[in-house]
Structure formats: C-alpha cells, structure tokens
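Colleague: The structure that follows is given in the form of structure tokens.
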Protein chains: 2
Amino acid sequence: MTHELPSWVASANGHADFSLHNLPLGVFSRGEERPRGGVAVGDFILDLGFALEAGLFRGEAQRAAELAAQETLNAFFAAGGAARVALRQALQALLRADHPQREQLEELAEYLLAPQSACRMHMPARVGDYTDFYVGIHHATQIGRLFRPDNPLLPNYKHVPIAYHGRASTLGVSGKAFKRPKGQTLPPGQEAPVFGPCRRLDYELELGIWIGPGNAQGESIAIGSAAEHIAGFCLLNDWSARDIQAWEYQPLGPFLSKSFASTLSPWVVTAEALAPYRQAQPARPAGDPQPLAYLYDERDQAQGALDIELEVLLRTPRMVEQGLPAQRLALSNTLNMYWTVAQMVTHHTVNGCALQPGDFFGSGTLSGPDAGSCGSLLELTQGGKQPLQLPGGETRTFLEDGDEVILRARCQRPGLPTIGFGECRGQVLAAG
Amino acid sequence: MTHELPSWVASANGHADFSLHNLPLGVFSRGEERPRGGVAVGDFILDLGFALEAGLFRGEAQRAAELAAQETLNAFFAAGGAARVALRQALQALLRADHPQREQLEELAEYLLAPQSACRMHMPARVGDYTDFYVGIHHATQIGRLFRPDNPLLPNYKHVPIAYHGRASTLGVSGKAFKRPKGQTLPPGQEAPVFGPCRRLDYELELGIWIGPGNAQGESIAIGSAAEHIAGFCLLNDWSARDIQAWEYQPLGPFLSKSFASTLSPWVVTAEALAPYRQAQPARPAGDPQPLAYLYDERDQAQGALDIELEVLLRTPRMVEQGLPAQRLALSNTLNMYWTVAQMVTHHTVNGCALQPGDFFGSGTLSGPDAGSCGSLLELTQGGKQPLQLPGGETRTFLEDGDEVILRARCQRPGLPTIGFGECRGQVLAAG
C-alpha cells in the first residue's frame, strides 16, 4: 500500500489522526443547521451533502455518499462494505494533491470543508441495541482477583465471549457532561442499604464497535462472514458506579451502575482504515482451550486482532486552575482483547439473536497486565485502597465532581501513516 | 362507576376481554395494507384512521386519535395520560348503544370495524430499550431455593427492584414462532462446554409494561409521578434457555439465554381500564424492610398493586393431533409482584437513566407460592427433576419442538365487568 497520500487539504498531510489514510465518518452540524454526515479530513469535516450537490461523486460512490450524508449513518451501515469501500476510494481520489481539477476544488473548499472547531458532533447512528462485552482478559483477571485471589477467572471465561445488554438511551458523544448518579449502596459492615450519590465513580476504557447489515432473527452470522457486519470502530467510556454495582448486581448483572451515561467518540473509523493494523490474536496463550468450532476461523485467528494504542487521561478542576495538562493514567492496547470482534459478532447471533444496522458493542474494559495499563480506577487503585498521586499534590481513589476523563486511540507502526480516533471526553457534574 | 356500558357493536356487550370498559390499543393491518393504530371492540378492531377521516372525533380526542392512528403508538405514548383519557371517553361515547347517530354509525361499520380474525397484529411501538425486572418474589424464592436451599432470596432482593437490560431487537408479537436457540452448555460433571441446540427451553409468564412520556437523562421520576409515565400493559413470555443461562450468566447476567426471542401480546391495556383492579400491595409481609424513601409513596402503597389473573397453557403437537384442548399449566396473579410498577419506573430513573416513549419493561416471572401457580417449567418440574404429566400420556420437563405456549390475563371481580388482555402465543420450531 501507499504509505503517504498527499492531499490538497494541507492540514491532512501528516495529520496524526485524520490523514487520507483514515477518513472516518461522523454526523455533524454547524450552528442551528440540521445534523448531517461528514468525513474528517485534517482539521476539517468534508460535508457529504455539499459534495453531492456539487456533483463530486459518481456511480456507487454517489449512492454511498447519499446514504452517508443523512442525519444518521444507519442506512450507510446497512449498505455494508462495498458502499464503504466505494466512498473511501472516491474520497481519496477527490482529495489527493495531484487531482486534475485541484484548483476548482480549492475554490469549493469554503463550502465543502467545515472547520472541525466550528462544528458540533452528534451520535453517528440511532442505536437499536447496545451490548457490552467483557473481552479484556487482564481486566477480568484483575477484577476477579479483588474478589477471588486464588481463582480470578471464572470457568466460562476462556470458552464464552461474555457480554450483557447495556442501555442505549444514555449513550452520548464526546463532550457531553453527566451528573453523578444516585442510588442504593450497602456501606461496609452494614446490613441495610443507604441512598445517595455514588461514592465510587469510575471510568472504563473500551473499544466501541458499530454494526453493519446484521441478520434476521433466527439466523446466525458465521465466523467467516462476521467481518461483513462490522461497520466501524470508536472509543467508549462505560462510566461505572462501583458501589451501586456491588449491591445491585446479583443475580442478574449490572443495571443502574452503568445505565446513567456512556460516552463514545463521534468518528466511525472503518475496517478499511484499520486494515494495516491487523495481526494474529496474541492474548490467547498456548495451553488455553481451543475456541469451539463456531468461533474458530483460520483467517480470523491470523488477522482478527487489532493493534490500536489506547490512552486514558484525567483532568481535575485543580489541574485546570493551575494550568496543568491532563495527566495520563494509562496506556493500553486493543491487543489485550481475548476474543476478536468477529468472534463477538458470531457469538452474539449464534442463538438467532438479530443484529441491526446501528447496533453498538463495547469490548469491555481493555486493561493491560500491569499498573500502567489499567483501564479503570478500580484496578489502578486496587479497589480504592491505593490512592493515585496526581500532579499539584492531589490524590484520587475514584472520580470527583468536575473531573474530566479523556480517552484517545491511535494506530502507529514504523513505516505506516498513523490513524487516530479523535477524543472521547466526558466530565462528571455534581449529583442533581 | 358504571358496571356495564352497552354498545351498538353487539359483540362488545358482555365480551370477556374487549367490552367498552377495556378499549385497548394496538397496531394492525389487513392483507397488504400498511400497519396502523386501532382499538379492540368486541370481535372487531376500530380503525382510528377511518374514524378520523369520517370526522368522528373532536378537540383533544381528535388530536389523540391522530397520534394513535399512526404506524406505531410511540407518539401516542409520548402524549401521556390526558390524551389516553380523551380518546377513551370519546370512544366510549361513540360506541355506546344509545348514541344519537347510531344508525349512521352502523352504516359506517363495514369500514370502521375490521374483524379481528381478518387482521394481523404488529408490534404496538418501536421499542427503544427493553428492561426485564425480577419482581415476582415467589419465582425469585423458588429459583433461589434450587441453588441455595437454606437462603433462597439474596440480601438485596427486599431493598432493590432487581432488573437487567434485555434485547429489544427480538421482541415480537403473539403468533410469531421462533427457532430453538443453539449455544454453549456445560454438560453435568464436565469441565468443557459443548455446542448444540438448547435442551432446557422454558417459558416465563410476565406482565409487560409500556412506557409513556419518560424523562431526560440526568433527571429522575419521583415515585408520586411515576404513574404518568406508564402508558399501558400487556403479557410477555420471556422464553429462556436454562442450560445456556447456567453456563453463561456469571458474572454479568443472562445474555444469549434470553435474547433469541421474547413474545408479547399485541393489545395495550390502559391504566384507565385497569383502575378498578388496583389495590394495596399484598406481597410485602409485615416485618419486611420498609422501602427506601425514594420508593415509598402512600398512594402507591395503598393502590399500586394490580389484581390481574394470569394463566399459562400448553398445546403440544400430539395434543393437536388428538384433538385435545390446550392444557392449563398455571394460574397466577400480578398480586405476586413484590414491587409496584411505579416503584420499577422510579428505581429505573433514580440514577438519571432516560426512559423514552415506547420503552418496554417485563415484570419478571410472576409465579405464585404453590405448584399450581408456577410461571416457568424450571419451577414446575423442580429444575427438570419432576416431569409434568400431560393429557394423552405425554410428559414434559422442558419444551419440545412444536410445543405452543399460550399466556392469558383477565381481571375479574364480583360486580365488575371483566377486562381481558387477549392472548400471547408462541410456538417452538426445531433448531435451524
């Protein structure tokens, strides 16, 4: 592949996140305008609706752009990989530096390209169902160790891509603040619960997955076809109220401890952009059980893992006051996933459950094996027992009001252009 | 109140389910027509769109009928109780036997009233999120006893209205068959799972609840206002794959064991129709902990329980062959709910979780305390150990291919007209 695609959009050249190698899709608006589909290019958003009006697409790319220019990307996701590839190729051709009509395009730029800083991002799609997995094996092990030091992983973990249904109505995009949740908790040593604001509020660093065409109820998606149903990727912060969770979760799993808010990054990074960062699955050590046949595909084993570097940063109100930059809390990687995204899709549908375009998956918290790669404060502070030291003399066990958590993701390998996800930010407001 | 409202629609008079005292809403179609809103009246469905065209409504009732005549009831649910009451009063006036323009109405009947037998019912609303509760205390106790004979109820049960998120994409209305799910199970005494069709397929008898206006994210619905957000009621069969569930559910709860199919009855019975069947909450015995303040409301304690008789019937292929009627397996009642529907709504939003018009709740399995009132086969056969004897010489521990389960619900009290929910039917097909 070409390692550098120069563009007449100057800010795209060498852009750490949004060069022509990425071209993620999203839904944006300026001022009071109606939200509509666009593509991140350098510091700008290419307005697909304007590009269509200007006649810049033809054939399959035009049909794909018509779907992607809508108020949500659901119809574009439904159209599958051929539409994505057609649009990507047309955009790369349109934006390249040596385009034969470069001057005419530059004259249109004022309308075609909206500065990202002047735009507001929206949810990329209407989410039908949201499913949160638990495929971060180091997270599962570290959380399990807090409760069962000798036997941290449950017996099903290496056989079943564990997941549960999440709440779709409170998914929001980066930048949306939320109130600290209130709820029932059981104070240590007590027998009766109390009601009040959560005292152990946490983040969770996750990969988000957007679902494409999907399957009819009663049908299943074979592992070899699963990739066709993955529309794209983003970051997800699955905020968690640990004290509410500990009291409510038996026997049916987490509920109000998660459903108050989840934050995702607004850009949908495509499988095509991530293709150079695929590799064999590293997290399943030799000696682990072989996946059951329905979860096993040779190509998926060889190419199903993603090498995406993940970062968590924290900015407290005092750090803002003192002019200190956000503090990195963790650096992890999607290679910490024990199951591939294809395995997640196939497992989800093996019982006949219908996936629909715009359904959303979270990977579960993607921690690495050590303290510098913890995807949650629960792990980083050992269940709140070892406070975190922050610049400016502060400490944290869990999140305080005003704290802002920032997730970032980037693909970087020697000899390859970088691909970035943009940020996933969220701030904790005081309980209402 | 009037105990009998005679109608010029003869089949409505004394109808066990659909007299003028009920008037449930639903979405129906005939042949290839587009689905649209209607109201069950005797053996017919009143076509709200035709009634509007004929100018049969005025003022607030007209606006309500415009919302209820759409392809889904979401907008009608969003409009809340005032719209429901206006439409109900207008319909009762329109359909009463002594209507001054009775003859003109009877001339319209051919268009206004579609025979239920000639219509197909659809999902009443587009479900945003589906939440399944666990408020049937006898079910929770009986299931708990299978695992923990000495301590069947978990410590949180009498404090927390336990719930988990369910799968919205596989909710369907009565009459829709579904394939037996496949999945991973752990055979007794084994350490490694096997893959194949579910062998312990079960039903669950539940009350379904449709959500009305709802709340913005970050806000909560106070217990005193919860009733305003309950749009109506139906029956729900939350089919369950017990063997898949036992292997997958730790630590995050049921997932594929439930998400293959859930079946609901298509008619939305309103709070107004059920008003005469409200009473004080009986299932919380003296000595149980008082609900926390956010779940406590005097009016809800005095009037929050519902007296709805629930019935489960089974029809096997052999019973069909032999011309035997469906066999009753259980008779239960919504009085077996430990928490009121208002408490469920308030608890769901206390953390700031947004409810939206058309969201759907299940109550959880509503068993009574004895064998004749078990809402699932898991309870009725003691975990599959005590086979059920059926007419025709058959036995069942769990459901077999071709079995049809029928749920019914009816309100009946001396001196009051009966109110019925219609049926909730579903048939098990062989695994695909």
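So you can find residues: chains in the structure tokens are A, B, ... in the order shown, residues in each start at 1, and ligands are numbered from 1 in order.
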I need the contact residues of chain B against chain A, so if you could list those with any atom within 7 Å, counting only C-alpha atoms, and return them as JSON, numbers by chain, that would help.

Modeller: {"B": [128, 129, 156, 160, 162, 163, 164, 165, 166, 167, 168, 169, 170, 178, 179, 181, 182, 183, 217, 218, 247, 248, 251, 252, 253, 254, 255, 256, 259, 260, 348, 350, 351, 352, 353, 354]}

Colleague: Just the strand (DSSP E or B) stuff from stretch 188-379 of chain A, please, per backbone DSSP, written as a VMD selection string.

Modeller: chain A and resid 194 to 197 201 to 202 205 to 211 230 to 237 240 to 241 262 to 264 268 to 269 278 to 279 305 to 306 309 to 315 327 to 333 337 360 to 362

Colleague: List the neighbours of stretch 44-56 of chain A out to 7 Å using only C-alpha atoms; skip same-chain residues closer than 6 positions along the sequence, and give me the result as a PyMOL selection string.

Modeller: chain A and resi 37-38+65+69+112-116

Colleague: For B:Gln303, find every residue with an atom within 10 Å (counting only C-alpha atoms), except residues of its own chain fewer than 3 positions away, and show them as a PyMOL selection string.

Modeller: chain B and resi 275+277-281+297-300+306+340

Colleague: Just C-alpha atoms for this one: save the residues we selected as a short mmCIF file (atom, residue, chain, number, x, y, z; two decimals), in the first residue's frame.

Modeller:
data_model
loop_
_atom_site.label_atom_id
_atom_site.label_comp_id
_atom_site.auth_asym_id
_atom_site.auth_seq_id
_atom_site.Cartn_x
_atom_site.Cartn_y
_atom_site.Cartn_z
CA ALA B 275 -58.19 1.33 37.53
CA TYR B 277 -58.50 -3.59 39.72
CA ARG B 278 -55.99 -1.65 41.78
CA GLN B 279 -55.45 -2.41 45.44
CA ALA B 280 -52.95 -2.23 48.28
CA GLN B 281 -49.67 -4.09 47.85
CA ASP B 297 -45.43 6.75 48.34
CA GLU B 298 -48.58 6.37 50.41
CA ARG B 299 -50.92 6.33 47.43
CA ASP B 300 -48.74 3.79 45.67
CA LEU B 306 -52.81 -4.86 40.29
CA THR B 340 -45.23 -1.96 42.14
#
